[in-house]
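K.L.:
Structure file entry-v7.pdb, PDB, C-alpha atoms and all ligand atoms, is pasted below:
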```
ATOM      1  CA  MET A   1      -0.734  22.521  -7.566
ATOM      2  CA  PRO A   2      -2.871  25.443  -8.722
ATOM      3  CA  ALA A   3      -6.177  25.681  -6.863
ATOM      4  CA  ASN A   4      -8.013  25.635 -10.181
ATOM      5  CA  PRO A   5      -6.114  23.526 -12.675
ATOM      6  CA  GLY A   6      -6.719  24.728 -16.207
ATOM      7  CA  ALA A   7      -8.088  28.112 -15.164
ATOM      8  CA  ASP A   8      -6.534  31.150 -16.827
ATOM      9  CA  PRO A   9      -4.464  32.933 -14.162
ATOM     10  CA  ARG A  10      -5.247  36.210 -15.916
ATOM     11  CA  ASP A  11      -8.848  35.817 -14.739
ATOM     12  CA  VAL A  12      -7.649  36.133 -11.151
ATOM     13  CA  ARG A  13      -7.892  39.726  -9.967
ATOM     14  CA  ALA A  14      -4.357  40.173  -8.783
ATOM     15  CA  ASP A  15      -2.751  43.251  -7.270
ATOM     16  CA  LEU A  16       0.889  42.526  -6.553
ATOM     17  CA  HIS A  17       2.254  45.938  -5.552
ATOM     18  CA  SER A  18       1.094  48.059  -2.600
ATOM     19  CA  HIS A  19       2.307  49.976   0.447
ATOM     20  CA  SER A  20       1.315  50.271   4.085
ATOM     21  CA  MET A  21       2.416  52.745   6.769
ATOM     22  CA  ILE A  22       5.328  50.435   7.484
ATOM     23  CA  SER A  23       6.926  52.295   4.556
ATOM     24  CA  ASP A  24       5.255  55.244   2.795
ATOM     25  CA  GLY A  25       1.619  54.155   2.632
ATOM     26  CA  THR A  26      -1.009  55.564   4.979
ATOM     27  CA  LEU A  27      -2.971  52.449   6.048
ATOM     28  CA  ARG A  28      -2.018  49.789   8.558
ATOM     29  CA  PRO A  29      -1.244  46.442   6.882
ATOM     30  CA  ALA A  30      -4.516  44.934   8.154
ATOM     31  CA  GLU A  31      -6.516  47.936   6.918
ATOM     32  CA  LEU A  32      -4.873  47.675   3.521
ATOM     33  CA  VAL A  33      -5.704  43.969   3.264
ATOM     34  CA  ALA A  34      -9.319  44.680   4.244
ATOM     35  CA  ARG A  35      -9.561  47.368   1.587
ATOM     36  CA  ALA A  36      -8.082  45.072  -1.061
ATOM     37  CA  HIS A  37     -10.701  42.471  -0.153
ATOM     38  CA  GLU A  38     -13.496  45.088  -0.365
ATOM     39  CA  GLN A  39     -12.228  46.166  -3.777
ATOM     40  CA  GLY A  40     -12.558  42.610  -5.082
ATOM     41  CA  VAL A  41      -8.868  41.727  -5.156
ATOM     42  CA  GLU A  42      -8.408  37.944  -5.191
ATOM     43  CA  LEU A  43      -4.632  37.702  -4.929
ATOM     44  CA  PHE A  44      -2.823  40.425  -3.058
ATOM     45  CA  ALA A  45       0.756  41.388  -2.234
ATOM     46  CA  LEU A  46       2.025  43.956   0.252
ATOM     47  CA  THR A  47       5.377  45.234  -1.044
ATOM     48  CA  ASP A  48       6.619  47.877   1.375
ATOM     49  CA  HIS A  49       9.835  49.683   0.516
ATOM     50  CA  ASP A  50      12.914  48.050   2.095
ATOM     51  CA  GLU A  51      10.969  46.632   5.055
ATOM     52  CA  ILE A  52       8.952  43.481   5.669
ATOM     53  CA  ALA A  53       7.762  44.163   9.211
ATOM     54  CA  GLY A  54       4.168  44.609   8.032
ATOM     55  CA  LEU A  55       3.841  41.163   6.495
ATOM     56  CA  GLU A  56       3.008  39.207   9.648
ATOM     57  CA  GLU A  57      -0.022  41.436  10.282
ATOM     58  CA  ALA A  58      -1.033  41.321   6.605
ATOM     59  CA  VAL A  59      -0.790  37.516   6.428
ATOM     60  CA  ALA A  60      -3.008  37.184   9.507
ATOM     61  CA  ALA A  61      -5.571  39.681   8.184
ATOM     62  CA  ALA A  62      -5.686  37.993   4.772
ATOM     63  CA  SER A  63      -6.114  34.585   6.346
ATOM     64  CA  ARG A  64      -9.089  35.833   8.436
ATOM     65  CA  LEU A  65     -10.726  37.151   5.252
ATOM     66  CA  GLY A  66      -9.846  34.151   3.091
ATOM     67  CA  LEU A  67      -7.898  36.419   0.726
ATOM     68  CA  ARG A  68      -4.956  34.801  -1.040
ATOM     69  CA  PHE A  69      -1.839  36.700  -0.057
ATOM     70  CA  VAL A  70       1.709  36.892  -1.438
ATOM     71  CA  PRO A  71       4.391  38.261   0.930
ATOM     72  CA  GLY A  72       6.403  40.889  -0.908
ATOM     73  CA  VAL A  73       8.909  43.722  -0.681
ATOM     74  CA  GLU A  74      10.104  46.549  -2.930
ATOM     75  CA  VAL A  75      13.873  46.966  -2.714
ATOM     76  CA  SER A  76      15.547  50.307  -3.520
ATOM     77  CA  VAL A  77      18.468  49.855  -5.891
ATOM     78  CA  SER A  78      21.158  52.139  -7.271
ATOM     79  CA  TRP A  79      22.084  51.182 -10.806
ATOM     80  CA  GLY A  80      24.758  53.645 -11.828
ATOM     81  CA  SER A  81      23.182  57.008 -11.129
ATOM     82  CA  THR A  82      19.649  55.655 -11.590
ATOM     83  CA  THR A  83      17.439  54.594  -8.687
ATOM     84  CA  LEU A  84      15.417  51.482  -9.513
ATOM     85  CA  HIS A  85      12.856  49.506  -7.580
ATOM     86  CA  ILE A  86      12.919  45.712  -7.593
ATOM     87  CA  VAL A  87       9.834  43.962  -6.274
ATOM     88  CA  GLY A  88      10.290  40.594  -4.587
ATOM     89  CA  LEU A  89       7.263  38.299  -4.501
ATOM     90  CA  GLY A  90       6.705  35.083  -2.606
ATOM     91  CA  ILE A  91       9.473  35.759  -0.092
ATOM     92  CA  ASN A  92       9.707  34.090   3.292
ATOM     93  CA  HIS A  93       9.101  37.142   5.456
ATOM     94  CA  ARG A  94      10.490  35.360   8.502
ATOM     95  CA  ASP A  95      13.887  34.878   6.889
ATOM     96  CA  PRO A  96      16.394  36.493   9.300
ATOM     97  CA  GLY A  97      18.903  37.042   6.487
ATOM     98  CA  LEU A  98      16.395  39.075   4.527
ATOM     99  CA  HIS A  99      15.598  41.190   7.602
ATOM    100  CA  GLU A 100      19.296  41.930   8.075
ATOM    101  CA  ARG A 101      19.954  42.744   4.445
ATOM    102  CA  LEU A 102      16.968  45.087   4.260
ATOM    103  CA  ALA A 103      18.136  46.849   7.437
ATOM    104  CA  GLU A 104      21.338  47.660   5.556
ATOM    105  CA  VAL A 105      19.359  49.077   2.645
ATOM    106  CA  ARG A 106      17.338  51.259   5.053
ATOM    107  CA  ALA A 107      20.396  52.561   6.906
ATOM    108  CA  GLY A 108      21.150  56.165   6.060
ATOM    109  CA  ARG A 109      17.548  57.173   5.340
ATOM    110  CA  VAL A 110      17.367  59.421   8.408
ATOM    111  CA  ARG A 111      20.653  61.173   7.612
ATOM    112  CA  ARG A 112      19.505  61.620   4.001
ATOM    113  CA  ALA A 113      16.200  63.071   5.182
ATOM    114  CA  GLU A 114      18.011  65.538   7.454
ATOM    115  CA  GLU A 115      20.021  66.703   4.459
ATOM    116  CA  MET A 116      16.863  67.014   2.409
ATOM    117  CA  GLY A 117      15.463  69.223   5.160
ATOM    118  CA  GLU A 118      18.636  71.359   5.184
ATOM    119  CA  GLN A 119      18.428  71.856   1.415
ATOM    120  CA  LEU A 120      14.781  72.854   1.591
ATOM    121  CA  ALA A 121      15.544  75.304   4.405
ATOM    122  CA  ARG A 122      18.044  76.989   2.090
ATOM    123  CA  VAL A 123      15.219  77.776  -0.346
ATOM    124  CA  GLY A 124      13.016  79.108   2.442
ATOM    125  CA  ILE A 125      11.089  75.973   3.444
ATOM    126  CA  GLU A 126      11.622  75.601   7.166
ATOM    127  CA  GLY A 127      10.954  72.549   9.309
ATOM    128  CA  ALA A 128      10.608  70.044   6.473
ATOM    129  CA  PHE A 129      12.463  67.206   8.198
ATOM    130  CA  GLU A 130      10.381  67.479  11.361
ATOM    131  CA  GLY A 131       7.265  67.997   9.247
ATOM    132  CA  ALA A 132       7.930  64.917   7.121
ATOM    133  CA  LEU A 133       8.680  62.841  10.206
ATOM    134  CA  ILE A 134       5.132  63.390  11.456
ATOM    135  CA  TYR A 135       3.837  61.515   8.405
ATOM    136  CA  ALA A 136       6.309  58.661   8.715
ATOM    137  CA  GLY A 137       4.618  55.757  10.484
ATOM    138  CA  ASN A 138       8.099  54.247  10.721
ATOM    139  CA  PRO A 139      10.829  56.887  11.230
ATOM    140  CA  GLN A 140      13.512  54.523   9.849
ATOM    141  CA  MET A 141      11.601  54.523   6.548
ATOM    142  CA  ILE A 142      11.281  58.297   6.175
ATOM    143  CA  SER A 143      11.023  58.882   2.434
ATOM    144  CA  ARG A 144      10.408  61.484  -0.211
ATOM    145  CA  THR A 145       6.708  60.611  -0.011
ATOM    146  CA  HIS A 146       6.589  61.957   3.552
ATOM    147  CA  PHE A 147       8.284  65.175   2.441
ATOM    148  CA  ALA A 148       5.755  65.362  -0.395
ATOM    149  CA  ARG A 149       2.852  65.148   2.075
ATOM    150  CA  PHE A 150       4.426  67.904   4.171
ATOM    151  CA  LEU A 151       4.991  70.160   1.141
ATOM    152  CA  VAL A 152       1.385  69.748  -0.011
ATOM    153  CA  GLU A 153      -0.111  70.087   3.465
ATOM    154  CA  THR A 154       1.798  73.320   4.127
ATOM    155  CA  GLY A 155       0.755  74.799   0.775
ATOM    156  CA  HIS A 156       4.241  74.885  -0.742
ATOM    157  CA  CYS A 157       2.991  72.610  -3.527
ATOM    158  CA  ARG A 158      -0.373  72.057  -5.184
ATOM    159  CA  ASP A 159      -0.200  68.274  -5.162
ATOM    160  CA  VAL A 160       2.243  65.395  -5.087
ATOM    161  CA  LYS A 161       2.867  65.676  -8.811
ATOM    162  CA  ASP A 162       3.834  69.315  -8.315
ATOM    163  CA  VAL A 163       6.232  68.251  -5.538
ATOM    164  CA  PHE A 164       8.071  65.759  -7.757
ATOM    165  CA  THR A 165       8.398  68.391 -10.480
ATOM    166  CA  ARG A 166       9.765  71.250  -8.393
ATOM    167  CA  TYR A 167      11.453  69.491  -5.472
ATOM    168  CA  LEU A 168      13.074  66.225  -4.348
ATOM    169  CA  VAL A 169      14.187  65.190  -7.859
ATOM    170  CA  GLU A 170      17.612  65.489  -9.434
ATOM    171  CA  GLY A 171      18.604  69.090 -10.009
ATOM    172  CA  LYS A 172      15.906  70.439  -7.684
ATOM    173  CA  PRO A 173      16.016  71.464  -3.999
ATOM    174  CA  GLY A 174      15.639  68.565  -1.602
ATOM    175  CA  PHE A 175      17.309  65.967  -3.802
ATOM    176  CA  VAL A 176      19.999  64.024  -1.959
ATOM    177  CA  PRO A 177      21.639  61.234  -3.954
ATOM    178  CA  HIS A 178      21.831  58.005  -2.030
ATOM    179  CA  ALA A 179      23.541  54.638  -2.439
ATOM    180  CA  TRP A 180      20.877  51.937  -2.200
ATOM    181  CA  ALA A 181      21.440  48.205  -2.758
ATOM    182  CA  ALA A 182      23.256  47.047  -5.881
ATOM    183  CA  LEU A 183      21.084  45.254  -8.450
ATOM    184  CA  ASP A 184      22.725  41.874  -7.810
ATOM    185  CA  GLU A 185      22.327  42.291  -4.046
ATOM    186  CA  ALA A 186      18.620  43.001  -4.420
ATOM    187  CA  VAL A 187      18.031  39.997  -6.694
ATOM    188  CA  ASP A 188      20.088  37.753  -4.377
ATOM    189  CA  MET A 189      18.346  38.807  -1.172
ATOM    190  CA  ILE A 190      14.951  38.180  -2.772
ATOM    191  CA  GLN A 191      15.937  34.815  -4.225
ATOM    192  CA  ASP A 192      17.749  33.691  -1.065
ATOM    193  CA  ALA A 193      14.462  34.303   0.772
ATOM    194  CA  GLY A 194      12.633  32.096  -1.741
ATOM    195  CA  GLY A 195      11.099  34.885  -3.812
ATOM    196  CA  VAL A 196      11.107  35.974  -7.435
ATOM    197  CA  ALA A 197      12.479  39.361  -8.538
ATOM    198  CA  ILE A 198      10.516  41.768 -10.725
ATOM    199  CA  VAL A 199      11.542  45.143 -12.174
ATOM    200  CA  ALA A 200       8.922  47.549 -10.797
ATOM    201  CA  HIS A 201       7.246  50.290 -12.892
ATOM    202  CA  PRO A 202       9.860  50.344 -15.682
ATOM    203  CA  GLY A 203       8.142  53.323 -17.303
ATOM    204  CA  ARG A 204       9.228  55.488 -14.416
ATOM    205  CA  TYR A 205      12.961  55.352 -15.084
ATOM    206  CA  LYS A 206      14.541  57.956 -17.259
ATOM    207  CA  LEU A 207      16.568  55.468 -19.285
ATOM    208  CA  ASN A 208      17.088  55.559 -23.018
ATOM    209  CA  GLU A 209      16.431  52.456 -25.115
ATOM    210  CA  LEU A 210      20.029  51.273 -24.926
ATOM    211  CA  ALA A 211      20.292  51.704 -21.150
ATOM    212  CA  LEU A 212      16.951  49.981 -20.659
ATOM    213  CA  HIS A 213      18.102  47.010 -22.740
ATOM    214  CA  THR A 214      21.353  46.864 -20.794
ATOM    215  CA  LEU A 215      19.453  46.900 -17.509
ATOM    216  CA  LEU A 216      17.019  44.189 -18.562
ATOM    217  CA  GLY A 217      19.852  42.042 -19.929
ATOM    218  CA  GLU A 218      21.753  42.333 -16.646
ATOM    219  CA  PHE A 219      18.631  41.641 -14.659
ATOM    220  CA  ARG A 220      17.899  38.505 -16.690
ATOM    221  CA  ASP A 221      21.498  37.299 -16.330
ATOM    222  CA  LEU A 222      21.233  37.749 -12.568
ATOM    223  CA  GLY A 223      18.197  35.460 -12.540
ATOM    224  CA  GLY A 224      15.453  38.120 -12.550
ATOM    225  CA  THR A 225      12.012  36.703 -13.324
ATOM    226  CA  GLY A 226       9.692  39.446 -14.409
ATOM    227  CA  LEU A 227       8.744  42.901 -15.478
ATOM    228  CA  GLU A 228       5.869  44.924 -14.067
ATOM    229  CA  VAL A 229       3.893  45.495 -17.249
ATOM    230  CA  ALA A 230       0.671  46.720 -15.616
ATOM    231  CA  THR A 231       1.075  49.497 -13.042
ATOM    232  CA  SER A 232      -0.916  52.649 -12.331
ATOM    233  CA  ASN A 233       1.850  54.798 -13.594
ATOM    234  CA  HIS A 234       1.945  53.228 -17.095
ATOM    235  CA  SER A 235      -0.002  54.662 -20.006
ATOM    236  CA  GLU A 236      -1.430  52.224 -22.563
ATOM    237  CA  ARG A 237       1.574  52.988 -24.690
ATOM    238  CA  ASP A 238       3.950  52.171 -21.817
ATOM    239  CA  MET A 239       2.078  48.916 -21.341
ATOM    240  CA  ARG A 240       2.506  47.923 -24.971
ATOM    241  CA  ARG A 241       6.161  48.861 -24.850
ATOM    242  CA  PHE A 242       6.941  46.860 -21.711
ATOM    243  CA  ALA A 243       4.826  43.915 -22.857
ATOM    244  CA  GLU A 244       7.038  43.818 -25.944
ATOM    245  CA  LEU A 245      10.182  43.961 -23.794
ATOM    246  CA  ALA A 246       8.843  41.139 -21.597
ATOM    247  CA  ARG A 247       8.456  39.039 -24.787
ATOM    248  CA  GLU A 248      11.895  39.995 -26.034
ATOM    249  CA  PHE A 249      13.634  39.078 -22.761
ATOM    250  CA  GLY A 250      11.418  36.127 -21.868
ATOM    251  CA  PHE A 251      10.170  37.754 -18.668
ATOM    252  CA  GLU A 252       6.981  36.878 -16.869
ATOM    253  CA  ALA A 253       4.653  39.848 -16.434
ATOM    254  CA  SER A 254       3.449  41.325 -13.175
ATOM    255  CA  GLY A 255       0.770  43.825 -12.326
ATOM    256  CA  GLY A 256       0.022  45.996  -9.340
ATOM    257  CA  SER A 257      -1.622  49.251  -8.379
ATOM    258  CA  ASP A 258       1.313  50.646  -6.329
ATOM    259  CA  PHE A 259      -1.399  51.953  -4.003
ATOM    260  CA  HIS A 260      -0.112  54.173  -1.151
ATOM    261  CA  GLY A 261      -3.379  55.257   0.464
ATOM    262  CA  PRO A 262      -6.901  56.534  -0.166
ATOM    263  CA  GLY A 263      -6.831  59.840  -2.039
ATOM    264  CA  GLU A 264      -3.045  59.767  -2.474
ATOM    265  CA  SER A 265      -3.139  59.809  -6.271
ATOM    266  CA  GLU A 266      -6.003  60.132  -8.666
ATOM    267  CA  ASN A 267      -7.145  56.892 -10.277
ATOM    268  CA  VAL A 268      -4.972  54.703  -8.099
ATOM    269  CA  GLU A 269      -6.970  52.132  -6.173
ATOM    270  CA  LEU A 270      -6.326  48.622  -4.934
ATOM    271  CA  GLY A 271      -7.260  46.113  -7.615
ATOM    272  CA  ARG A 272      -7.319  48.700 -10.366
ATOM    273  CA  VAL A 273      -4.775  46.947 -12.565
ATOM    274  CA  ALA A 274      -4.943  46.668 -16.364
ATOM    275  CA  ARG A 275      -5.360  43.193 -17.842
ATOM    276  CA  LEU A 276      -2.190  41.703 -19.292
ATOM    277  CA  PRO A 277      -1.930  40.829 -22.997
ATOM    278  CA  ALA A 278      -3.018  37.222 -23.563
ATOM    279  CA  ASP A 279       0.356  35.876 -24.679
ATOM    280  CA  LEU A 280       2.323  36.972 -21.593
ATOM    281  CA  THR A 281       2.779  34.654 -18.618
ATOM    282  CA  PRO A 282       1.460  36.354 -15.479
ATOM    283  CA  VAL A 283       3.939  35.949 -12.654
ATOM    284  CA  TRP A 284       1.023  35.053 -10.407
ATOM    285  CA  HIS A 285       0.640  31.654 -12.102
ATOM    286  CA  ARG A 286       3.152  30.776  -9.368
ATOM    287  CA  PHE A 287       0.851  31.833  -6.569
ATOM    288  CA  VAL A 288      -2.621  30.655  -7.617
TER     289      VAL A 288
HETATM  290  P1  LIG B   1      12.466  57.462  -1.588
HETATM  291  O1  LIG B   1      12.536  55.972  -1.416
HETATM  292  O2  LIG B   1      12.605  58.212  -0.313
HETATM  293  O3  LIG B   1      13.377  57.968  -2.667
HETATM  294  O4  LIG B   1      10.967  57.790  -2.065
HETATM  295  C1  LIG B   1      10.457  57.190  -3.216
HETATM  296  C2  LIG B   1       8.946  57.271  -3.190
HETATM  297  O5  LIG B   1       8.537  58.569  -3.574
HETATM  298  C3  LIG B   1       8.316  56.348  -4.199
HETATM  299  O6  LIG B   1       8.134  55.076  -3.663
HETATM  300  C4  LIG B   1       6.991  57.008  -4.457
HETATM  301  O7  LIG B   1       6.079  56.654  -3.444
HETATM  302  C5  LIG B   1       7.334  58.473  -4.321
HETATM  303  N1  LIG B   1       7.587  59.091  -5.643
HETATM  304  C6  LIG B   1       8.746  59.193  -6.309
HETATM  305  N2  LIG B   1       8.592  59.838  -7.485
HETATM  306  C7  LIG B   1       7.280  60.154  -7.560
HETATM  307  C8  LIG B   1       6.456  60.829  -8.509
HETATM  308  N3  LIG B   1       6.963  61.322  -9.640
HETATM  309  N4  LIG B   1       5.137  60.950  -8.236
HETATM  310  C9  LIG B   1       4.614  60.463  -7.094
HETATM  311  N5  LIG B   1       5.327  59.811  -6.162
HETATM  312  C10 LIG B   1       6.637  59.660  -6.376
HETATM  313 MN    MN B   2       6.441  54.736  -2.371
HETATM  314 MN    MN B   3       8.471  52.068  -6.599
HETATM  315 MN    MN B   4       5.820  50.934  -4.835
END
```
Translate the structure of the given file into structure tokens.
P.N.:
Amino acid sequence: MPANPGADPRDVRADLHSHSMISDGTLRPAELVARAHEQGVELFALTDHDEIAGLEEAVAAASRLGLRFVPGVEVSVSWGSTTLHIVGLGINHRDPGLHERLAEVRAGRVRRAEEMGEQLARVGIEGAFEGALIYAGNPQMISRTHFARFLVETGHCRDVKDVFTRYLVEGKPGFVPHAWAALDEAVDMIQDAGGVAIVAHPGRYKLNELALHTLLGEFRDLGGTGLEVATSNHSERDMRRFAELAREFGFEASGGSDFHGPGESENVELGRVARLPADLTPVWHRFV
């Protein structure tokens, strides 16, 4: 039963996408939860990349503060040559099967990072692997974000945006293709752990209209539930576009800041999530 029968779930300040230092964020899970609470978030999800080890701490911190909390994860997926992120919400974070399946998704990150370091060395950037590792709170989850922090900190790049223009992306030094989970595996592992699957930040993928429709059709056929319509990285135009696609495919809509840490990106803050159009069903109707 909803806590407030009849209340509009859109009035709940929800932020259903965020990261802690368990993946590529900079705050501890408990610090992140405290910050969400300070920022006025009323329903909060921690969705670390490919790892759920931060959820126990986050659940405890949220319970102390009386903040409603949704255990989540963001699974890395390879769909053809495109990397996608699928957010799982409402998962049982104690599910041993989910732990095992995520460990498989994480495997290979260290080897990939070593190769990224070797590539960067070839263009004159020495010590990137070791440098990135310093920023990785969890070495098994070393990611491009940690390389980005190293490249900015050492003055090779102006900011993170500069990094993802000149390095670490396809065709640029430091890009190492990787086989993540398959789309069906990601949806299954989320659903088998009791969660619902959401396509994260769809505006980020370089897919043409046809490919995007194919993806969303496949995702729906696999039992996918929603589309992240509101995310920091969407413009108003993106939001309108993905709201329309949510209508077309019958998806529920999600929203989250994708916060990684204080000062990490301009205008990204916990709870700073655009309001969804009135006719969409917010995925958080399930959690309030
Ligand atoms: P990885 O899982 O190692 O491929 O790293 C992916 C992470 O890099 C994402 O979760 C983001 O945190 C970060 N990232 C990727 N592309 C960008 C971008 N264009 N701007 C800022 N951060 C990005
Ligand atoms: Mn990230
Ligand atoms: Mn993502
Ligand atoms: Mn994210």
K.L.:
List as JSON lines every residue of chain A that is in contact with ligand LIG 1 (chain B), defined as an atom at most 7 Å from one of its atoms (using only C-alpha atoms and all ligand atoms), together with the nearest atom pair and the distance in Å rounded to one decimal, sorted by chain and then rising number.
P.N.:
```
{"residue": "A:Asp24", "atom": "CA", "partner": "B:LIG1", "partner_atom": "O7", "distance": 6.4}
{"residue": "A:Ser76", "atom": "CA", "partner": "B:LIG1", "partner_atom": "O1", "distance": 6.8}
{"residue": "A:Ile142", "atom": "CA", "partner": "B:LIG1", "partner_atom": "O2", "distance": 6.6}
{"residue": "A:Ser143", "atom": "CA", "partner": "B:LIG1", "partner_atom": "O2", "distance": 3.2}
{"residue": "A:Arg144", "atom": "CA", "partner": "B:LIG1", "partner_atom": "O2", "distance": 3.9}
{"residue": "A:Thr145", "atom": "CA", "partner": "B:LIG1", "partner_atom": "O5", "distance": 4.5}
{"residue": "A:Val160", "atom": "CA", "partner": "B:LIG1", "partner_atom": "C9", "distance": 5.8}
{"residue": "A:Lys161", "atom": "CA", "partner": "B:LIG1", "partner_atom": "N4", "distance": 5.3}
{"residue": "A:Phe164", "atom": "CA", "partner": "B:LIG1", "partner_atom": "N3", "distance": 4.9}
```
K.L.:
Could you tell me, as an mmCIF file with C-alpha atoms, in the coordinates of the input, exactly which residues end up selected when the PyMOL selection byres (((chain A and resi 275) around 12) and not hetatm) is applied to this structure?
P.N.:
```
data_model
loop_
_atom_site.group_PDB
_atom_site.id
_atom_site.type_symbol
_atom_site.label_atom_id
_atom_site.label_comp_id
_atom_site.auth_asym_id
_atom_site.auth_seq_id
_atom_site.Cartn_x
_atom_site.Cartn_y
_atom_site.Cartn_z
ATOM 1 C CA PRO A 9 -4.464 32.933 -14.162
ATOM 2 C CA ARG A 10 -5.247 36.210 -15.916
ATOM 3 C CA ASP A 11 -8.848 35.817 -14.739
ATOM 4 C CA VAL A 12 -7.649 36.133 -11.151
ATOM 5 C CA ARG A 13 -7.892 39.726 -9.967
ATOM 6 C CA ALA A 14 -4.357 40.173 -8.783
ATOM 7 C CA ASP A 15 -2.751 43.251 -7.270
ATOM 8 C CA GLU A 228 5.869 44.924 -14.067
ATOM 9 C CA VAL A 229 3.893 45.495 -17.249
ATOM 10 C CA ALA A 230 0.671 46.720 -15.616
ATOM 11 C CA THR A 231 1.075 49.497 -13.042
ATOM 12 C CA SER A 232 -0.916 52.649 -12.331
ATOM 13 C CA GLU A 236 -1.430 52.224 -22.563
ATOM 14 C CA MET A 239 2.078 48.916 -21.341
ATOM 15 C CA ARG A 240 2.506 47.923 -24.971
ATOM 16 C CA ALA A 243 4.826 43.915 -22.857
ATOM 17 C CA ALA A 253 4.653 39.848 -16.434
ATOM 18 C CA SER A 254 3.449 41.325 -13.175
ATOM 19 C CA GLY A 255 0.770 43.825 -12.326
ATOM 20 C CA GLY A 256 0.022 45.996 -9.340
ATOM 21 C CA SER A 257 -1.622 49.251 -8.379
ATOM 22 C CA GLY A 271 -7.260 46.113 -7.615
ATOM 23 C CA ARG A 272 -7.319 48.700 -10.366
ATOM 24 C CA VAL A 273 -4.775 46.947 -12.565
ATOM 25 C CA ALA A 274 -4.943 46.668 -16.364
ATOM 26 C CA LEU A 276 -2.190 41.703 -19.292
ATOM 27 C CA PRO A 277 -1.930 40.829 -22.997
ATOM 28 C CA ALA A 278 -3.018 37.222 -23.563
ATOM 29 C CA ASP A 279 0.356 35.876 -24.679
ATOM 30 C CA LEU A 280 2.323 36.972 -21.593
ATOM 31 C CA THR A 281 2.779 34.654 -18.618
ATOM 32 C CA PRO A 282 1.460 36.354 -15.479
#
```
K.L.:
If you apply the PyMOL selection byres (((not hetatm)) within 7 of (chain B and resi 3)) to this file, what residues do you get, as a PyMOL selection string?
P.N.:
chain A and resi 74+85+200-201
K.L.:
Once you count only C-alpha atoms and all ligand atoms, which residues end up within 8 Å of ligand MN 2 (chain B), and could you hand them over as a list in words?
P.N.:
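These are the residues that qualify: His19, Ser23, Asp24, Gly25, Asp48, His49, Ser143, Thr145, Asp258 and His260 of chain A.
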K.L.:
Nearest to A:Ser81 among A:Arg247, A:His178, A:Arg286, A:Arg106, with distances taken over only C-alpha atoms: which residue is it?
P.N.:
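Using only C-alpha atoms, A:Ser81 sits closest to A:His178.
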